[in-house]
$ cat upload_25.cif   # mmCIF, C-alpha atoms
data_upload
loop_
_atom_site.group_PDB
_atom_site.id
_atom_site.type_symbol
_atom_site.label_atom_id
_atom_site.label_comp_id
_atom_site.auth_asym_id
_atom_site.auth_seq_id
_atom_site.Cartn_x
_atom_site.Cartn_y
_atom_site.Cartn_z
ATOM 1 C CA MET B 11 -4.634 -27.521 -20.036
ATOM 2 C CA LYS B 12 -5.945 -30.103 -17.650
ATOM 3 C CA PRO B 13 -3.543 -30.214 -14.711
ATOM 4 C CA THR B 14 -2.222 -33.589 -13.652
ATOM 5 C CA GLU B 15 -2.488 -34.786 -10.069
ATOM 6 C CA GLN B 16 1.254 -34.170 -9.691
ATOM 7 C CA THR B 17 0.883 -30.581 -10.948
ATOM 8 C CA LEU B 18 -1.904 -29.883 -8.453
ATOM 9 C CA LYS B 19 0.177 -31.343 -5.611
ATOM 10 C CA GLN B 20 3.198 -29.232 -6.583
ATOM 11 C CA ILE B 21 1.107 -26.058 -6.717
ATOM 12 C CA ASP B 22 -0.554 -26.925 -3.407
ATOM 13 C CA ARG B 23 2.862 -27.477 -1.818
ATOM 14 C CA ALA B 24 4.149 -24.155 -3.227
ATOM 15 C CA ILE B 25 1.127 -22.266 -1.838
ATOM 16 C CA ARG B 26 1.676 -23.855 1.570
ATOM 17 C CA LYS B 27 5.380 -22.915 1.468
ATOM 18 C CA ILE B 28 4.422 -19.319 0.728
ATOM 19 C CA ALA B 29 1.974 -19.333 3.641
ATOM 20 C CA ASP B 30 4.598 -20.916 5.921
ATOM 21 C CA LYS B 31 6.810 -17.847 5.387
ATOM 22 C CA PHE B 32 4.025 -15.691 6.863
ATOM 23 C CA PRO B 33 2.573 -17.711 9.768
ATOM 24 C CA ALA B 34 -0.572 -16.339 11.395
ATOM 25 C CA SER B 35 1.217 -16.173 14.760
ATOM 26 C CA GLN B 36 3.695 -13.534 13.509
ATOM 27 C CA GLU B 37 3.216 -9.784 13.330
ATOM 28 C CA ALA B 38 1.720 -8.839 9.962
ATOM 29 C CA SER B 39 4.166 -8.088 7.172
ATOM 30 C CA MET B 40 3.797 -4.991 4.988
ATOM 31 C CA LEU B 41 3.564 -6.763 1.611
ATOM 32 C CA THR B 42 1.175 -5.609 -1.081
ATOM 33 C CA ASP B 43 1.724 -8.364 -3.640
ATOM 34 C CA ILE B 44 3.203 -11.825 -3.880
ATOM 35 C CA HIS B 45 4.557 -12.289 -7.373
ATOM 36 C CA ILE B 46 4.312 -15.703 -9.018
ATOM 37 C CA HIS B 47 6.846 -15.903 -11.834
ATOM 38 C CA VAL B 48 6.369 -18.791 -14.281
ATOM 39 C CA VAL B 49 8.794 -19.677 -17.078
ATOM 40 C CA GLN B 50 7.105 -21.463 -19.968
ATOM 41 C CA GLU B 51 10.234 -23.189 -21.301
ATOM 42 C CA THR B 52 11.487 -24.598 -17.981
ATOM 43 C CA GLY B 53 8.266 -24.983 -15.988
ATOM 44 C CA GLU B 54 9.866 -22.986 -13.199
ATOM 45 C CA PHE B 55 7.446 -21.544 -10.632
ATOM 46 C CA THR B 56 8.978 -18.944 -8.319
ATOM 47 C CA ALA B 57 7.245 -16.769 -5.733
ATOM 48 C CA TYR B 58 8.738 -13.402 -4.745
ATOM 49 C CA ASP B 59 7.809 -10.708 -2.277
ATOM 50 C CA ASP B 60 7.606 -6.993 -3.146
ATOM 51 C CA ASP B 61 11.356 -6.607 -2.673
ATOM 52 C CA ASP B 62 12.153 -9.426 -5.143
ATOM 53 C CA ARG B 63 13.208 -11.780 -2.351
ATOM 54 C CA GLU B 64 12.498 -15.364 -3.289
ATOM 55 C CA ILE B 65 9.884 -17.045 -1.117
ATOM 56 C CA THR B 66 9.785 -20.460 -2.786
ATOM 57 C CA ARG B 67 10.640 -22.197 -6.042
ATOM 58 C CA CYS B 68 9.687 -25.430 -7.771
ATOM 59 C CA ILE B 69 9.502 -26.984 -11.223
ATOM 60 C CA ILE B 70 6.088 -27.904 -12.614
ATOM 61 C CA GLU B 71 7.027 -30.702 -14.992
ATOM 62 C CA GLN B 72 3.765 -30.515 -16.941
ATOM 63 C CA TRP B 73 4.579 -26.923 -17.914
ATOM 64 C CA ILE B 74 8.076 -27.617 -19.279
ATOM 65 C CA ASP B 75 8.231 -26.635 -22.969
ATOM 66 C CA ASP B 76 4.485 -26.039 -23.161
ATOM 67 C CA LYS B 77 3.957 -24.383 -26.549
ATOM 68 C CA SER B 78 0.397 -23.143 -25.937
ATOM 69 C CA GLY B 79 -0.298 -19.657 -27.190
ATOM 70 C CA ASP B 80 -2.528 -19.091 -24.178
ATOM 71 C CA PHE B 81 -0.132 -20.676 -21.667
ATOM 72 C CA TYR B 82 -0.365 -17.895 -19.075
ATOM 73 C CA GLU B 83 -4.149 -17.776 -19.257
ATOM 74 C CA GLN B 84 -4.315 -21.530 -18.688
ATOM 75 C CA VAL B 85 -1.811 -21.339 -15.826
ATOM 76 C CA ALA B 86 -3.776 -18.454 -14.286
ATOM 77 C CA ASN B 87 -6.983 -20.513 -14.338
ATOM 78 C CA VAL B 88 -5.260 -23.488 -12.668
ATOM 79 C CA LEU B 89 -3.627 -21.262 -10.040
ATOM 80 C CA ARG B 90 -6.879 -19.422 -9.277
ATOM 81 C CA LYS B 91 -8.631 -22.714 -8.590
ATOM 82 C CA GLU B 92 -5.820 -23.826 -6.293
ATOM 83 C CA PHE B 93 -5.803 -20.499 -4.425
ATOM 84 C CA ARG B 94 -9.562 -20.826 -3.900
ATOM 85 C CA ALA B 95 -9.061 -24.401 -2.695
ATOM 86 C CA GLN B 96 -6.421 -23.131 -0.240
ATOM 87 C CA GLN B 97 -8.454 -20.083 0.819
ATOM 88 C CA LYS B 98 -8.127 -20.705 4.575
ATOM 89 C CA VAL B 99 -4.354 -21.093 4.344
ATOM 90 C CA VAL B 100 -3.898 -18.067 2.061
ATOM 91 C CA GLU B 101 -6.182 -15.766 4.047
ATOM 92 C CA SER B 102 -4.602 -16.626 7.398
ATOM 93 C CA MET B 103 -1.179 -15.361 6.324
ATOM 94 C CA SER B 104 0.297 -12.622 8.503
ATOM 95 C CA VAL B 105 0.309 -9.975 5.788
ATOM 96 C CA LEU B 106 -1.479 -6.643 6.137
ATOM 97 C CA ARG B 107 -4.582 -6.526 3.979
ATOM 98 C CA PRO B 108 -5.155 -5.935 1.131
ATOM 99 C CA TYR B 109 -2.592 -8.091 -0.617
ATOM 100 C CA SER B 110 -2.725 -10.072 -3.800
ATOM 101 C CA PHE B 111 -1.087 -12.882 -5.726
ATOM 102 C CA VAL B 112 -0.025 -11.841 -9.218
ATOM 103 C CA LEU B 113 1.083 -14.054 -12.119
ATOM 104 C CA GLU B 114 4.065 -12.778 -14.094
ATOM 105 C CA SER B 115 5.448 -13.914 -17.439
ATOM 106 C CA ASP B 116 8.986 -14.971 -18.379
ATOM 107 C CA ASP B 117 10.027 -11.317 -18.617
ATOM 108 C CA ARG B 118 8.500 -10.493 -15.188
ATOM 109 C CA GLU B 119 5.563 -8.576 -16.645
ATOM 110 C CA GLU B 120 2.283 -8.824 -14.766
ATOM 111 C CA GLN B 121 -0.153 -11.050 -16.648
ATOM 112 C CA TYR B 122 -3.040 -11.805 -14.274
ATOM 113 C CA GLU B 123 -4.191 -10.992 -10.800
ATOM 114 C CA LEU B 124 -4.819 -14.425 -9.326
ATOM 115 C CA TYR B 125 -6.226 -13.843 -5.875
ATOM 116 C CA VAL B 126 -6.882 -10.799 -3.707
ATOM 117 C CA VAL B 127 -7.038 -11.040 0.058
ATOM 118 C CA ASP B 128 -9.101 -8.178 1.390
ATOM 119 C CA ASP B 129 -12.149 -7.969 3.567
ATOM 120 C CA ASP B 130 -13.991 -5.785 1.051
ATOM 121 C CA THR B 131 -12.735 -6.916 -2.368
ATOM 122 C CA VAL B 132 -13.545 -9.998 -4.383
ATOM 123 C CA ILE B 133 -12.018 -10.829 -7.766
ATOM 124 C CA ILE B 134 -14.538 -12.551 -10.001
ATOM 125 C CA ASP B 135 -13.162 -15.224 -12.302
ATOM 126 C CA SER B 136 -13.288 -14.305 -15.997
ATOM 127 C CA GLU B 137 -15.200 -17.515 -16.747
ATOM 128 C CA LEU B 138 -18.091 -16.235 -14.644
ATOM 129 C CA MET B 139 -18.071 -12.888 -16.412
ATOM 130 C CA GLU B 140 -17.910 -14.279 -19.958
ATOM 131 C CA HIS B 141 -21.619 -13.904 -20.911
ATOM 132 C CA LEU B 142 -22.741 -11.585 -18.154
ATOM 133 C CA ASP B 143 -23.772 -8.759 -20.530
ATOM 134 C CA GLU B 144 -26.168 -10.993 -22.459
ATOM 135 C CA GLU B 145 -27.617 -12.447 -19.268
ATOM 136 C CA LEU B 146 -28.169 -9.003 -17.753
ATOM 137 C CA ASP B 147 -29.787 -7.752 -20.980
ATOM 138 C CA SER B 148 -32.096 -10.758 -21.026
ATOM 139 C CA PHE B 149 -32.975 -10.258 -17.357
ATOM 140 C CA PHE B 150 -33.679 -6.547 -17.937
ATOM 141 C CA ASN B 151 -35.894 -7.293 -20.963
ATOM 142 C CA GLU B 152 -37.906 -9.799 -18.919
ATOM 143 C CA LEU B 153 -38.343 -7.235 -16.154
ATOM 144 C CA MET B 154 -39.518 -4.635 -18.639
ATOM 145 C CA LYS B 155 -42.120 -7.053 -20.054
ATOM 146 C CA ASP B 156 -43.542 -7.555 -16.587
ATOM 147 C CA THR B 157 -43.998 -3.809 -16.013
ATOM 148 C CA GLN B 158 -45.976 -3.179 -19.206
#

$ encode --input "upload_25.cif" --output "structure tokens"
Amino acid sequence: MKPTEQTLKQIDRAIRKIADKFPASQEASMLTDIHIHVVQETGEFTAYDDDDREITRCIIEQWIDDKSGDFYEQVANVLRKEFRAQQKVVESMSVLRPYSFVLESDDREEQYELYVVDDDTVIIDSELMEHLDEELDSFFNELMKDTQ
């Protein structure tokens, strides 16, 4: 799924609305996760805190009635890119660290961890990890050739 300009703007606006609920000037909140609930049939994007209180809601028109079998994976990739693009905004939120943004399915089951805010933890995108084993094996074999 290649997101449209409108989709990216809607996601950007939703991320900013989430951050606005936790301004840097406030005392840090005790959240551990911000849950992003996406409904495939309606395109509804809703963010909740740990206590299931709604933070923000919008409709992503491009996602309405998307029939992709890998819908949540595609949405997760788009959201990860937008969270990285909004890193300064997301990491300045007044929430005690570590906290994360989690994508949930229609039935509120966790699908993907999208972004973790912690001074010591980094989530590596699955695209980066895809062929890591082969690359490490190749690197190791080259090192072993040099030592013989």

$ residues_near_point --input "upload_25.cif" --point "(9.7, -24.0, -21.0)" --cutoff "7 Å" --atoms "all atoms listed in the file" --output "list in words"
Val49, Gln50, Glu51, Thr52, Gly53, Trp73, Ile74, Asp75 and Asp76 of chain B

$ closest_residue --input "upload_25.cif" --among "B:Cys68, B:Leu106, B:Val112, B:Met154" --to "B:Gln36" --atoms "only C-alpha atoms"
B:Leu106

$ residues_around --input "upload_25.cif" --residues "stretch 44-46 of chain B" --least-positions-apart "2" --cutoff "6 Å" --atoms "all atoms listed in the file" --output "list in words"
Thr56, Ala57, Tyr58, Asp59, Phe111, Val112, Leu113 and Glu114 of chain B

$ closest_residue --input "upload_25.cif" --among "B:Asp129, B:Asp43, B:Lys12, B:Ser148" --to "B:Phe81" --atoms "only C-alpha atoms"
B:Lys12

$ closest_residue --input "upload_25.cif" --among "B:Arg67, B:Lys77, B:Arg90, B:Lys31" --to "B:Ser104" --atoms "only C-alpha atoms"
B:Lys31

$ atom_distance --input "upload_25.cif" --atom1 "atom CA of B:Asp60" --atom2 "atom CA of B:Arg107"
14.1 Å

$ residues_near_point --input "upload_25.cif" --point "(-5.4, -22.7, -12.9)" --cutoff "10 Å" --atoms "all atoms listed in the file" --output "list in words"
Met11, Lys12, Pro13, Leu18, Ile21, Tyr82, Glu83, Gln84, Val85, Ala86, Asn87, Val88, Leu89, Arg90, Lys91, Glu92, Phe93 and Leu124 of chain B

$ residues_around --input "upload_25.cif" --residues "B:Ile25" --least-positions-apart "2" --cutoff "10 Å" --atoms "all atoms listed in the file" --output "ChimeraX atom specification"
/B:19-23,27-30,57,66,89,92-93,96,99-100

$ closest_residue --input "upload_25.cif" --among "B:Glu37, B:Asp116, B:Asp61, B:Glu15" --to "B:Met103" --atoms "all atoms listed in the file"
B:Glu37

$ atom_distance --input "upload_25.cif" --atom1 "atom CA of B:Ile65" --atom2 "atom CA of B:Ala34"
16.3 Å

$ resolve_selection --input "upload_25.cif" --expression "the PyMOL selection byres ((chain B and resi 109) around 6)" --output "list in words"
Thr42, Asp43, Arg107, Pro108, Ser110, Val126 and Val127 of chain B

$ atom_distance --input "upload_25.cif" --atom1 "atom CA of B:Phe32" --atom2 "atom CA of B:Val105"
6.9 Å

$ build_atoms --input "upload_25.cif" --residues "stretch 73-93 of chain B" --atoms "N, CA, C and O atoms" --output "PDB file, in the coordinates of the input"
ATOM      1  N   TRP B  73       4.465 -28.197 -17.209  1.00  0.00           N
ATOM      2  CA  TRP B  73       4.579 -26.923 -17.914  1.00  0.00           C
ATOM      3  C   TRP B  73       5.861 -26.797 -18.728  1.00  0.00           C
ATOM      4  O   TRP B  73       6.014 -25.858 -19.516  1.00  0.00           O
ATOM      5  N   ILE B  74       6.801 -27.715 -18.567  1.00  0.00           N
ATOM      6  CA  ILE B  74       8.076 -27.617 -19.279  1.00  0.00           C
ATOM      7  C   ILE B  74       7.820 -27.706 -20.788  1.00  0.00           C
ATOM      8  O   ILE B  74       7.165 -28.624 -21.268  1.00  0.00           O
ATOM      9  N   ASP B  75       8.337 -26.718 -21.509  1.00  0.00           N
ATOM     10  CA  ASP B  75       8.231 -26.635 -22.969  1.00  0.00           C
ATOM     11  C   ASP B  75       6.801 -26.651 -23.485  1.00  0.00           C
ATOM     12  O   ASP B  75       6.539 -27.102 -24.602  1.00  0.00           O
ATOM     13  N   ASP B  76       5.873 -26.160 -22.692  1.00  0.00           N
ATOM     14  CA  ASP B  76       4.485 -26.039 -23.161  1.00  0.00           C
ATOM     15  C   ASP B  76       4.471 -24.972 -24.253  1.00  0.00           C
ATOM     16  O   ASP B  76       4.955 -23.863 -24.054  1.00  0.00           O
ATOM     17  N   LYS B  77       3.939 -25.299 -25.396  1.00  0.00           N
ATOM     18  CA  LYS B  77       3.957 -24.383 -26.549  1.00  0.00           C
ATOM     19  C   LYS B  77       2.626 -23.660 -26.750  1.00  0.00           C
ATOM     20  O   LYS B  77       2.427 -23.005 -27.767  1.00  0.00           O
ATOM     21  N   SER B  78       1.716 -23.767 -25.801  1.00  0.00           N
ATOM     22  CA  SER B  78       0.397 -23.143 -25.937  1.00  0.00           C
ATOM     23  C   SER B  78       0.516 -21.636 -26.092  1.00  0.00           C
ATOM     24  O   SER B  78       1.269 -20.981 -25.371  1.00  0.00           O
ATOM     25  N   GLY B  79      -0.261 -21.104 -27.012  1.00  0.00           N
ATOM     26  CA  GLY B  79      -0.298 -19.657 -27.190  1.00  0.00           C
ATOM     27  C   GLY B  79      -0.964 -18.949 -26.027  1.00  0.00           C
ATOM     28  O   GLY B  79      -0.704 -17.780 -25.773  1.00  0.00           O
ATOM     29  N   ASP B  80      -1.823 -19.675 -25.320  1.00  0.00           N
ATOM     30  CA  ASP B  80      -2.528 -19.091 -24.178  1.00  0.00           C
ATOM     31  C   ASP B  80      -2.030 -19.700 -22.860  1.00  0.00           C
ATOM     32  O   ASP B  80      -2.777 -19.856 -21.907  1.00  0.00           O
ATOM     33  N   PHE B  81      -0.743 -20.016 -22.822  1.00  0.00           N
ATOM     34  CA  PHE B  81      -0.132 -20.676 -21.667  1.00  0.00           C
ATOM     35  C   PHE B  81      -0.436 -19.946 -20.361  1.00  0.00           C
ATOM     36  O   PHE B  81      -0.880 -20.551 -19.393  1.00  0.00           O
ATOM     37  N   TYR B  82      -0.197 -18.633 -20.326  1.00  0.00           N
ATOM     38  CA  TYR B  82      -0.365 -17.895 -19.075  1.00  0.00           C
ATOM     39  C   TYR B  82      -1.824 -17.823 -18.644  1.00  0.00           C
ATOM     40  O   TYR B  82      -2.135 -17.857 -17.455  1.00  0.00           O
ATOM     41  N   GLU B  83      -2.725 -17.755 -19.593  1.00  0.00           N
ATOM     42  CA  GLU B  83      -4.149 -17.776 -19.257  1.00  0.00           C
ATOM     43  C   GLU B  83      -4.531 -19.121 -18.635  1.00  0.00           C
ATOM     44  O   GLU B  83      -5.247 -19.172 -17.639  1.00  0.00           O
ATOM     45  N   GLN B  84      -4.032 -20.202 -19.226  1.00  0.00           N
ATOM     46  CA  GLN B  84      -4.315 -21.530 -18.688  1.00  0.00           C
ATOM     47  C   GLN B  84      -3.713 -21.700 -17.293  1.00  0.00           C
ATOM     48  O   GLN B  84      -4.363 -22.224 -16.390  1.00  0.00           O
ATOM     49  N   VAL B  85      -2.472 -21.257 -17.129  1.00  0.00           N
ATOM     50  CA  VAL B  85      -1.811 -21.339 -15.826  1.00  0.00           C
ATOM     51  C   VAL B  85      -2.582 -20.503 -14.802  1.00  0.00           C
ATOM     52  O   VAL B  85      -2.798 -20.942 -13.672  1.00  0.00           O
ATOM     53  N   ALA B  86      -3.018 -19.315 -15.201  1.00  0.00           N
ATOM     54  CA  ALA B  86      -3.776 -18.454 -14.286  1.00  0.00           C
ATOM     55  C   ALA B  86      -5.052 -19.150 -13.818  1.00  0.00           C
ATOM     56  O   ALA B  86      -5.392 -19.105 -12.630  1.00  0.00           O
ATOM     57  N   ASN B  87      -5.750 -19.810 -14.720  1.00  0.00           N
ATOM     58  CA  ASN B  87      -6.983 -20.513 -14.338  1.00  0.00           C
ATOM     59  C   ASN B  87      -6.700 -21.637 -13.346  1.00  0.00           C
ATOM     60  O   ASN B  87      -7.429 -21.808 -12.365  1.00  0.00           O
ATOM     61  N   VAL B  88      -5.635 -22.397 -13.581  1.00  0.00           N
ATOM     62  CA  VAL B  88      -5.260 -23.488 -12.668  1.00  0.00           C
ATOM     63  C   VAL B  88      -4.886 -22.909 -11.302  1.00  0.00           C
ATOM     64  O   VAL B  88      -5.341 -23.400 -10.261  1.00  0.00           O
ATOM     65  N   LEU B  89      -4.067 -21.860 -11.305  1.00  0.00           N
ATOM     66  CA  LEU B  89      -3.627 -21.262 -10.040  1.00  0.00           C
ATOM     67  C   LEU B  89      -4.793 -20.651  -9.264  1.00  0.00           C
ATOM     68  O   LEU B  89      -4.863 -20.792  -8.041  1.00  0.00           O
ATOM     69  N   ARG B  90      -5.713 -20.000  -9.964  1.00  0.00           N
ATOM     70  CA  ARG B  90      -6.879 -19.422  -9.277  1.00  0.00           C
ATOM     71  C   ARG B  90      -7.673 -20.504  -8.544  1.00  0.00           C
ATOM     72  O   ARG B  90      -8.101 -20.311  -7.406  1.00  0.00           O
ATOM     73  N   LYS B  91      -7.886 -21.613  -9.215  1.00  0.00           N
ATOM     74  CA  LYS B  91      -8.631 -22.714  -8.590  1.00  0.00           C
ATOM     75  C   LYS B  91      -7.906 -23.233  -7.361  1.00  0.00           C
ATOM     76  O   LYS B  91      -8.526 -23.520  -6.338  1.00  0.00           O
ATOM     77  N   GLU B  92      -6.588 -23.333  -7.435  1.00  0.00           N
ATOM     78  CA  GLU B  92      -5.820 -23.826  -6.293  1.00  0.00           C
ATOM     79  C   GLU B  92      -5.808 -22.804  -5.149  1.00  0.00           C
ATOM     80  O   GLU B  92      -5.865 -23.186  -3.989  1.00  0.00           O
ATOM     81  N   PHE B  93      -5.738 -21.516  -5.479  1.00  0.00           N
ATOM     82  CA  PHE B  93      -5.803 -20.499  -4.425  1.00  0.00           C
ATOM     83  C   PHE B  93      -7.167 -20.536  -3.735  1.00  0.00           C
ATOM     84  O   PHE B  93      -7.250 -20.415  -2.519  1.00  0.00           O
TER      85      PHE B  93
END
